[in-house]
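*Asks:* Input file: start13.cif. Contents: mmCIF, C-alpha atoms.
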data_run
loop_
_atom_site.group_PDB
_atom_site.id
_atom_site.type_symbol
_atom_site.label_atom_id
_atom_site.label_comp_id
_atom_site.auth_asym_id
_atom_site.auth_seq_id
_atom_site.Cartn_x
_atom_site.Cartn_y
_atom_site.Cartn_z
ATOM 1 C CA MET E 480 51.749 164.483 241.476
ATOM 2 C CA PHE E 481 49.447 161.489 240.952
ATOM 3 C CA LEU E 482 47.841 161.548 237.518
ATOM 4 C CA GLY E 483 45.986 158.249 237.388
ATOM 5 C CA ASP E 484 46.620 154.527 237.013
ATOM 6 C CA GLU E 485 46.187 154.554 233.228
ATOM 7 C CA PHE E 486 48.724 157.290 232.609
ATOM 8 C CA CYS E 487 52.326 156.821 231.453
ATOM 9 C CA ASN E 488 54.729 159.601 230.483
ATOM 10 C CA PRO E 489 57.828 158.085 228.852
ATOM 11 C CA PHE E 490 59.788 161.315 229.286
ATOM 12 C CA ASP E 491 59.200 162.036 232.979
ATOM 13 C CA GLY E 492 62.539 160.531 234.044
ATOM 14 C CA ASN E 493 60.971 158.435 236.809
ATOM 15 C CA PRO E 494 62.696 155.035 237.154
ATOM 16 C CA GLU E 495 59.608 152.902 236.579
ATOM 17 C CA ASN E 496 57.587 151.191 233.798
ATOM 18 C CA PHE E 497 60.555 151.007 231.432
ATOM 19 C CA TRP E 498 58.960 148.739 228.809
ATOM 20 C CA MET E 499 55.631 150.555 228.934
ATOM 21 C CA LYS E 500 57.447 153.828 228.366
ATOM 22 C CA LEU E 501 59.181 152.433 225.299
ATOM 23 C CA GLU E 502 55.836 151.230 223.946
ATOM 24 C CA HIS E 503 54.198 154.645 224.373
ATOM 25 C CA CYS E 504 57.209 156.473 222.969
ATOM 26 C CA GLY E 505 57.403 154.127 219.962
ATOM 27 C CA ARG E 506 53.944 155.168 218.804
ATOM 28 C CA TYR E 507 54.790 158.860 218.941
ATOM 29 C CA LEU E 508 58.055 158.220 217.091
ATOM 30 C CA TYR E 509 56.049 156.697 214.247
ATOM 31 C CA ALA E 510 53.714 159.699 214.228
ATOM 32 C CA TYR E 511 56.647 162.123 214.354
ATOM 33 C CA ASP E 512 58.245 160.452 211.335
ATOM 34 C CA HIS E 513 55.059 161.102 209.331
ATOM 35 C CA VAL E 514 54.604 164.736 210.356
ATOM 36 C CA LYS E 515 55.118 167.520 207.819
ATOM 37 C CA LYS E 516 56.187 171.059 208.677
ATOM 38 C CA THR E 517 52.850 172.345 207.350
ATOM 39 C CA ASP E 518 50.720 170.025 209.515
ATOM 40 C CA ILE E 519 48.153 171.175 212.032
ATOM 41 C CA ILE E 520 47.813 168.207 214.361
ATOM 42 C CA ALA E 521 45.142 167.258 216.874
ATOM 43 C CA ASP E 522 46.777 165.136 219.577
ATOM 44 C CA ILE E 523 43.740 163.404 221.061
ATOM 45 C CA ALA E 524 43.941 162.372 224.730
ATOM 46 C CA CYS E 525 47.208 164.261 225.030
ATOM 47 C CA ALA E 526 47.303 163.872 228.844
ATOM 48 C CA THR E 527 50.249 165.926 230.147
ATOM 49 C CA GLY E 528 51.272 166.863 226.611
ATOM 50 C CA TYR E 529 54.580 165.007 226.293
ATOM 51 C CA GLY E 530 53.528 163.744 222.844
ATOM 52 C CA SER E 531 52.145 167.121 221.800
ATOM 53 C CA TYR E 532 55.440 168.768 222.694
ATOM 54 C CA PHE E 533 57.366 166.091 220.797
ATOM 55 C CA LEU E 534 55.239 166.514 217.648
ATOM 56 C CA ALA E 535 55.472 170.296 217.897
ATOM 57 C CA GLN E 536 59.206 170.103 217.227
ATOM 58 C CA LYS E 537 58.250 169.389 213.607
ATOM 59 C CA ALA E 538 54.612 170.416 213.013
ATOM 60 C CA LYS E 539 53.256 173.880 212.257
ATOM 61 C CA LEU E 540 50.739 173.671 215.107
ATOM 62 C CA VAL E 541 49.629 171.062 217.637
ATOM 63 C CA ILE E 542 46.246 171.127 219.379
ATOM 64 C CA GLY E 543 46.488 169.064 222.561
ATOM 65 C CA VAL E 544 43.057 167.641 223.407
ATOM 66 C CA ASP E 545 41.988 166.027 226.671
ATOM 67 C CA ASN E 546 38.939 166.006 228.938
ATOM 68 C CA LYS E 547 40.842 166.184 232.227
ATOM 69 C CA ASP E 548 41.810 169.631 233.486
ATOM 70 C CA ILE E 549 44.465 168.178 235.789
ATOM 71 C CA TYR E 550 46.322 166.851 232.733
ATOM 72 C CA LEU E 551 45.856 170.030 230.709
ATOM 73 C CA ASP E 552 47.036 172.292 233.537
ATOM 74 C CA TYR E 553 50.155 170.154 233.891
ATOM 75 C CA ALA E 554 50.711 170.240 230.118
ATOM 76 C CA LYS E 555 50.431 174.026 229.953
ATOM 77 C CA HIS E 556 53.178 174.355 232.551
ATOM 78 C CA ASN E 557 55.470 171.518 231.525
ATOM 79 C CA SER E 558 54.908 170.658 227.845
ATOM 80 C CA ASN E 559 54.191 173.970 226.206
ATOM 81 C CA ALA E 560 55.571 175.817 223.193
ATOM 82 C CA SER E 561 54.537 178.734 220.991
ATOM 83 C CA ASN E 562 52.998 176.340 218.441
ATOM 84 C CA ILE E 563 50.924 174.307 220.935
ATOM 85 C CA TYR E 564 47.626 175.088 222.559
ATOM 86 C CA TYR E 565 45.557 172.855 224.789
ATOM 87 C CA VAL E 566 41.784 172.501 224.894
ATOM 88 C CA ASN E 567 39.327 170.511 227.012
ATOM 89 C CA ILE E 568 37.122 168.433 224.718
ATOM 90 C CA ASP E 569 35.146 165.303 225.556
ATOM 91 C CA LEU E 570 34.942 163.090 222.461
ATOM 92 C CA GLU E 571 31.499 161.809 223.475
ATOM 93 C CA LYS E 572 30.018 165.240 224.227
ATOM 94 C CA ASN E 573 31.552 168.063 222.228
ATOM 95 C CA ILE E 574 33.829 166.598 219.562
ATOM 96 C CA GLU E 575 32.372 169.131 217.104
ATOM 97 C CA GLN E 576 34.661 171.734 218.689
ATOM 98 C CA LEU E 577 37.473 170.223 216.640
ATOM 99 C CA ALA E 578 35.774 171.227 213.390
ATOM 100 C CA ASN E 579 36.923 174.269 211.396
ATOM 101 C CA ARG E 580 40.421 174.226 212.887
ATOM 102 C CA ASN E 581 42.178 173.235 209.624
ATOM 103 C CA ILE E 582 43.409 169.985 211.167
ATOM 104 C CA SER E 583 45.455 167.942 208.687
ATOM 105 C CA LYS E 584 46.404 165.039 210.982
ATOM 106 C CA ILE E 585 44.769 163.383 213.961
ATOM 107 C CA ILE E 586 46.857 161.395 216.433
ATOM 108 C CA CYS E 587 44.813 159.247 218.814
ATOM 109 C CA PHE E 588 46.677 156.618 220.810
ATOM 110 C CA GLU E 589 45.022 154.185 223.247
ATOM 111 C CA THR E 590 41.892 156.314 223.520
ATOM 112 C CA LEU E 591 38.891 154.931 221.636
ATOM 113 C CA GLU E 592 38.620 151.933 223.989
ATOM 114 C CA HIS E 593 37.932 154.430 226.796
ATOM 115 C CA THR E 594 34.725 155.561 225.074
ATOM 116 C CA HIS E 595 31.308 153.944 224.663
ATOM 117 C CA CYS E 596 31.099 154.608 220.920
ATOM 118 C CA PRO E 597 34.498 154.235 219.201
ATOM 119 C CA LEU E 598 33.128 153.728 215.680
ATOM 120 C CA GLU E 599 30.887 156.775 215.943
ATOM 121 C CA ILE E 600 33.841 158.865 217.097
ATOM 122 C CA LEU E 601 35.916 157.566 214.198
ATOM 123 C CA SER E 602 33.154 158.746 211.863
ATOM 124 C CA GLU E 603 33.362 162.221 213.407
ATOM 125 C CA PHE E 604 37.130 162.248 212.917
ATOM 126 C CA TYR E 605 36.586 161.449 209.240
ATOM 127 C CA LYS E 606 34.322 164.501 208.904
ATOM 128 C CA ILE E 607 36.912 166.739 210.564
ATOM 129 C CA LEU E 608 39.788 165.747 208.279
ATOM 130 C CA PRO E 609 40.201 167.316 204.830
ATOM 131 C CA SER E 610 40.819 165.333 201.654
ATOM 132 C CA LYS E 611 44.268 163.677 201.947
ATOM 133 C CA GLY E 612 44.150 164.252 205.692
ATOM 134 C CA GLU E 613 45.647 161.504 207.844
ATOM 135 C CA MET E 614 44.874 159.750 211.090
ATOM 136 C CA ILE E 615 47.270 157.634 213.149
ATOM 137 C CA LEU E 616 45.656 155.780 216.032
ATOM 138 C CA SER E 617 46.066 152.768 218.261
ATOM 139 C CA PHE E 618 43.875 150.568 220.430
ATOM 140 C CA PRO E 619 44.355 147.299 222.365
ATOM 141 C CA ASN E 620 44.238 143.901 220.731
ATOM 142 C CA GLN E 621 41.042 142.312 222.037
ATOM 143 C CA ILE E 622 42.807 139.004 222.797
ATOM 144 C CA TYR E 623 44.585 140.777 225.681
ATOM 145 C CA GLU E 624 41.467 142.340 227.174
ATOM 146 C CA ARG E 625 40.511 141.010 230.615
ATOM 147 C CA MET E 626 37.281 139.116 229.944
ATOM 148 C CA ASP E 627 35.220 137.082 232.385
ATOM 149 C CA GLU E 628 33.450 133.813 231.520
ATOM 150 C CA ASN E 629 30.451 135.783 230.229
ATOM 151 C CA GLY E 630 32.525 137.877 227.846
ATOM 152 C CA LYS E 631 32.360 141.011 229.979
ATOM 153 C CA ASN E 632 35.451 143.188 230.118
ATOM 154 C CA GLN E 633 36.970 143.405 233.598
ATOM 155 C CA ASP E 634 39.194 146.392 232.852
ATOM 156 C CA PRO E 635 37.457 149.348 234.571
ATOM 157 C CA TYR E 636 39.087 151.836 232.215
ATOM 158 C CA HIS E 637 38.169 150.157 228.923
ATOM 159 C CA LEU E 638 34.545 150.893 228.082
ATOM 160 C CA SER E 639 34.667 149.224 224.655
ATOM 161 C CA ILE E 640 36.387 146.224 223.126
ATOM 162 C CA ILE E 641 37.347 146.953 219.535
ATOM 163 C CA ASP E 642 37.428 144.176 216.950
ATOM 164 C CA LEU E 643 40.164 144.867 214.398
ATOM 165 C CA LYS E 644 38.323 143.383 211.414
ATOM 166 C CA GLU E 645 35.140 145.319 212.187
ATOM 167 C CA PHE E 646 37.127 148.494 212.777
ATOM 168 C CA LEU E 647 38.982 148.274 209.457
ATOM 169 C CA GLU E 648 35.748 147.535 207.631
ATOM 170 C CA HIS E 649 34.216 150.657 209.152
ATOM 171 C CA CYS E 650 37.261 152.657 208.040
ATOM 172 C CA LYS E 651 36.828 151.472 204.460
ATOM 173 C CA ASN E 652 33.080 152.195 204.500
ATOM 174 C CA LEU E 653 33.763 155.741 205.659
ATOM 175 C CA GLY E 654 36.180 156.277 202.786
ATOM 176 C CA PHE E 655 39.533 155.933 204.547
ATOM 177 C CA LYS E 656 42.460 154.346 202.738
ATOM 178 C CA ILE E 657 44.340 152.011 205.080
ATOM 179 C CA LYS E 658 48.043 152.791 204.716
ATOM 180 C CA ASN E 659 49.390 150.591 207.511
ATOM 181 C CA VAL E 660 48.263 148.140 210.171
ATOM 182 C CA LEU E 661 51.199 147.697 212.536
ATOM 183 C CA GLY E 662 52.067 146.289 215.939
ATOM 184 C CA GLN E 663 54.770 146.356 218.612
ATOM 185 C CA THR E 664 55.065 142.618 219.144
ATOM 186 C CA MET E 665 58.664 142.705 220.367
ATOM 187 C CA MET E 666 57.509 144.591 223.453
ATOM 188 C CA ASN E 667 55.354 141.633 224.536
ATOM 189 C CA ASP E 668 58.331 139.280 224.346
ATOM 190 C CA LEU E 669 60.821 141.609 226.008
ATOM 191 C CA THR E 670 58.481 142.481 228.862
ATOM 192 C CA ALA E 671 57.695 138.811 229.515
ATOM 193 C CA GLN E 672 61.340 137.749 229.321
ATOM 194 C CA ALA E 673 62.516 140.486 231.660
ATOM 195 C CA SER E 674 59.860 139.495 234.182
ATOM 196 C CA GLU E 675 60.784 135.802 233.872
ATOM 197 C CA ILE E 676 64.477 136.493 234.456
ATOM 198 C CA GLN E 677 63.766 138.630 237.517
ATOM 199 C CA ASN E 678 61.460 135.999 239.025
ATOM 200 C CA LYS E 679 63.616 132.979 238.163
ATOM 201 C CA TYR E 680 66.903 134.391 239.399
ATOM 202 C CA LYS E 681 65.529 136.662 242.126
ATOM 203 C CA LEU E 682 67.362 139.695 240.824
ATOM 204 C CA SER E 683 66.499 143.180 239.645
ATOM 205 C CA LEU E 684 67.248 144.452 236.154
ATOM 206 C CA ASP E 685 66.621 148.080 237.098
ATOM 207 C CA GLU E 686 70.286 149.020 236.802
ATOM 208 C CA LEU E 687 70.177 148.072 233.108
ATOM 209 C CA TYR E 688 67.446 150.589 232.299
ATOM 210 C CA HIS E 689 68.058 154.252 231.507
ATOM 211 C CA TYR E 690 65.213 156.754 231.858
ATOM 212 C CA ASP E 691 66.630 159.949 230.388
ATOM 213 C CA ILE E 692 64.808 161.200 227.293
ATOM 214 C CA GLU E 693 67.650 160.365 224.904
ATOM 215 C CA SER E 694 67.812 156.762 226.108
ATOM 216 C CA ILE E 695 64.035 156.273 225.986
ATOM 217 C CA ILE E 696 63.966 157.499 222.382
ATOM 218 C CA TYR E 697 67.009 155.394 221.464
ATOM 219 C CA PHE E 698 65.605 152.136 222.860
ATOM 220 C CA SER E 699 62.088 152.902 221.597
ATOM 221 C CA ARG E 700 63.337 153.174 218.021
ATOM 222 C CA ARG E 701 65.064 149.823 218.313
ATOM 223 C CA PHE E 702 62.571 147.791 220.316
ATOM 224 C CA ALA E 703 59.175 149.535 220.201
ATOM 225 C CA TYR E 704 58.881 151.166 216.786
ATOM 226 C CA PRO E 705 55.667 149.877 215.122
ATOM 227 C CA ASN E 706 56.215 147.302 212.373
ATOM 228 C CA ASP E 707 54.375 144.553 210.517
ATOM 229 C CA PHE E 708 55.992 141.606 212.327
ATOM 230 C CA GLU E 709 53.397 139.212 213.802
ATOM 231 C CA VAL E 710 50.934 142.069 214.202
ATOM 232 C CA ASN E 711 48.142 139.838 215.512
ATOM 233 C CA HIS E 712 50.207 139.088 218.616
ATOM 234 C CA SER E 713 50.904 142.729 219.465
ATOM 235 C CA TYR E 714 49.278 144.119 222.616
ATOM 236 C CA SER E 715 47.937 147.041 220.569
ATOM 237 C CA PHE E 716 47.326 147.769 216.906
ATOM 238 C CA LEU E 717 48.553 150.959 215.268
ATOM 239 C CA ILE E 718 46.461 152.005 212.277
ATOM 240 C CA HIS E 719 47.529 154.649 209.745
ATOM 241 C CA LEU E 720 44.632 156.015 207.686
ATOM 242 C CA ILE E 721 44.402 158.486 204.825
ATOM 243 C CA LYS E 722 41.153 160.191 203.822
#
Could I get this structure in the form of structure tokens?

*Replies:*
Amino acid sequence: MFLGDEFCNPFDGNPENFWMKLEHCGRYLYAYDHVKKTDIIADIACATGYGSYFLAQKAKLVIGVDNKDIYLDYAKHNSNASNIYYVNIDLEKNIEQLANRNISKIICFETLEHTHCPLEILSEFYKILPSKGEMILSFPNQIYERMDENGKNQDPYHLSIIDLKEFLEHCKNLGFKIKNVLGQTMMNDLTAQASEIQNKYKLSLDELYHYDIESIIYFSRRFAYPNDFEVNHSYSFLIHLIK
């Protein structure tokens, strides 16, 4: 089942995109470690729900949010549990549907860059959260965006380029407390080195990779868990906010 070029499910077991899978899983591991049993979580851009299902092992309730029915239908059949429900919401059209759902945490990974108005959406998230509510999100480091000589982004999926300094300033102006600004810098180095070895020595490293769920989680914790090491060189930033 083809689900789009921008989609990656670290738990699907398919023998492909090993390092990307670790990167995606690492973000959800961080979120999972900050989930409380009383939390009602909105997992924004949940896609096929692998992250929603993972968070639901610990949270009281997870609301999986996406604007693609093909993802949500897949999630309902493959990543469901009694404490998860999925809903079609477009952040640029009907984000207000997330209000009055007693959401205590918002998880939003690699999503805001796919919208035309990321700062406005962040403002709406602030309104949705209660006092002491938390948001954990990520977006690409602008130095890795594909820009032409005129400064126009060449990535067809990224509708906005987010400046970290401007973003954090907006967070503070809204009233968010910035708990953490983290990165996954090791993933850049490991991905580049693996590619260099394969090209230089004309060999495949595929036999070294393991794609079962336990292995993906194991290697993600060791190599892709967000930390504060050389954050400015990370492909994406992970921001942890508290209202």

*Asks:* Segment 632-653 of chain E near segment 705-720 of chain E within 9 Å: what's each residue's closest atom pair and its distance in Å to one decimal, counting all atoms listed in the file, ordered by chain then ascending residue number, as a tab-separated table?

*Replies:*
residue	atom	partner	partner_atom	distance
E:Leu643	CA	E:Phe716	CA	8.1
E:Leu647	CA	E:Ile718	CA	8.8
E:Cys650	CA	E:Leu720	CA	8.1

*Asks:* Which neighbours of Leu534 of chain E fall inside 10 Å, counting all atoms listed in the file, when residues of the same chain fewer than 6 positions from it are skipped, and could you give them as a PyMOL selection string?

*Replies:* chain E and resi 507-508+510-515+518+520+522+528+540-541+563+586

*Asks:* With segment 627-636 of chain E as the partner and 12 Å as the cut-off, tabulate the residues of segment 563-598 of chain E that qualify, each row holding the nearest pair of atoms and their distance in Å to one decimal, using only C-alpha atoms, sorted by chain and rising number, as JSON lines.

*Replies:*
{"residue": "E:Glu589", "atom": "CA", "partner": "E:Tyr636", "partner_atom": "CA", "distance": 11.0}
{"residue": "E:Thr590", "atom": "CA", "partner": "E:Tyr636", "partner_atom": "CA", "distance": 10.2}
{"residue": "E:Leu591", "atom": "CA", "partner": "E:Tyr636", "partner_atom": "CA", "distance": 11.0}
{"residue": "E:Glu592", "atom": "CA", "partner": "E:Tyr636", "partner_atom": "CA", "distance": 8.2}
{"residue": "E:His593", "atom": "CA", "partner": "E:Tyr636", "partner_atom": "CA", "distance": 6.1}
{"residue": "E:Thr594", "atom": "CA", "partner": "E:Tyr636", "partner_atom": "CA", "distance": 9.2}
{"residue": "E:His595", "atom": "CA", "partner": "E:Tyr636", "partner_atom": "CA", "distance": 11.0}

*Asks:* Compare E:Leu616, E:Ala673, E:Ile657, E:Ala554 by their minimum atom-to-atom distance to His503 of chain E, counting all atoms listed in the file, and give me the closest one.

*Replies:*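 Nearest to His503 of chain E: E:Leu616.
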
*Asks:* When you look at Ile519 of chain E with a cut-off of 7 Å (counting all atoms listed in the file), what residues show up, excluding the ones that are within fewer than 2 positions of it in the same chain? I need them as a PDB file with C-alpha atoms, in the frame of the given file.

*Replies:*
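Saved result, part06.pdb, follows:
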ATOM      1  CA  THR E 517      52.850 172.345 207.350  1.00  0.00           C
ATOM      2  CA  ALA E 521      45.142 167.258 216.874  1.00  0.00           C
ATOM      3  CA  ALA E 538      54.612 170.416 213.013  1.00  0.00           C
ATOM      4  CA  LYS E 539      53.256 173.880 212.257  1.00  0.00           C
ATOM      5  CA  LEU E 540      50.739 173.671 215.107  1.00  0.00           C
ATOM      6  CA  VAL E 541      49.629 171.062 217.637  1.00  0.00           C
ATOM      7  CA  ASN E 581      42.178 173.235 209.624  1.00  0.00           C
ATOM      8  CA  ILE E 582      43.409 169.985 211.167  1.00  0.00           C
ATOM      9  CA  SER E 583      45.455 167.942 208.687  1.00  0.00           C
ATOM     10  CA  LYS E 584      46.404 165.039 210.982  1.00  0.00           C
TER      11      LYS E 584
END

*Asks:* Quick one: which residues end up in the PyMOL selection byres ((chain E and resi 543) around 6) for this structure, as a PDB file with C-alpha atoms, keeping the file's coordinate frame?

*Replies:*
ATOM      1  CA  ASP E 522      46.777 165.136 219.577  1.00  0.00           C
ATOM      2  CA  CYS E 525      47.208 164.261 225.030  1.00  0.00           C
ATOM      3  CA  ILE E 542      46.246 171.127 219.379  1.00  0.00           C
ATOM      4  CA  VAL E 544      43.057 167.641 223.407  1.00  0.00           C
ATOM      5  CA  TYR E 565      45.557 172.855 224.789  1.00  0.00           C
TER       6      TYR E 565
END

*Asks:* Report, in Å with one decimal, the straight-line distance from atom CA of Gly654 of chain E to atom CA of Ile585 of chain E.

*Replies:* 15.8 Å

*Asks:* Which of these residues is nearest to Thr670 of chain E, using only C-alpha atoms: E:Trp498, E:Phe486, E:Phe702, E:Tyr688?

*Replies:* E:Trp498

*Asks:* With a distance cut-off of 9 Å and all atoms listed in the file, select the neighbouring residues of Ile574 of chain E, excluding the residue or stretch itself and same-chain residues fewer than 3 positions from it, and output the selection as a ChimeraX atom specification.

*Replies:* /E:568-571,577-578,600,603-604

*Asks:* Compare E:Glu502, E:Asp545, E:Gly612, E:Ile523 by their minimum atom-to-atom distance to Thr664 of chain E, counting all atoms listed in the file, and give me the closest one.

*Replies:*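 Among the listed residues, the smallest separation from Thr664 of chain E belongs to E:Glu502.
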
*Asks:* Expressed in Å to a single decimal, how great is the separation between atom CA of Lys606 of chain E and atom CA of Gln576 of chain E?

*Replies:*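 Separating atom CA of Lys606 of chain E from atom CA of Gln576 of chain E is a distance of 12.2 Å.
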
*Asks:* Between E:Asp668, E:Glu686, E:Phe588, E:Ile641, which has the minimum distance to Gly505 of chain E (counting only C-alpha atoms)?

*Replies:*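 Ranking E:Asp668, E:Glu686, E:Phe588, E:Ile641 by distance to Gly505 of chain E, first place goes to E:Phe588.
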
*Asks:* Find the residues near Ile695 of chain E: any atom within 9 Å, counting all atoms listed in the file, skip ones fewer than 2 places away on the same chain, and give them as a list of chain:residue names.

*Replies:*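 In the requested form, the answer reads E:Pro489, E:Phe490, E:Phe497, E:Lys500, E:Leu501, E:Cys504, E:His689, E:Tyr690, E:Asp691, E:Ile692, E:Glu693, E:Tyr697, E:Phe698, E:Ser699, E:Arg700.
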
*Asks:* In Å, with one decimal, what is the gap from atom CA of Ser683 of chain E to atom CA of Ile696 of chain E?

*Replies:*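 Interatomic distance, atom CA of Ser683 of chain E to atom CA of Ile696 of chain E: 22.6 Å.
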
*Asks:* Kindly compute an axis-aligned box around the listed atoms of segment 626-639 of chain E, allowing 3 Å on each side, and express its centre and edge lengths in Å to one decimal as lines of an AutoDock Vina configuration file.

*Replies:*
center_x = 34.8
center_y = 142.8
center_z = 229.6
size_x = 14.7
size_y = 24.0
size_z = 15.9

*Asks:* Smallest atom-to-atom distance to His637 of chain E: which of E:Leu551, E:Cys596, E:Leu682, E:Ala526, using only C-alpha atoms?

*Replies:*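 Of all the options, E:Cys596 lies closest to His637 of chain E.
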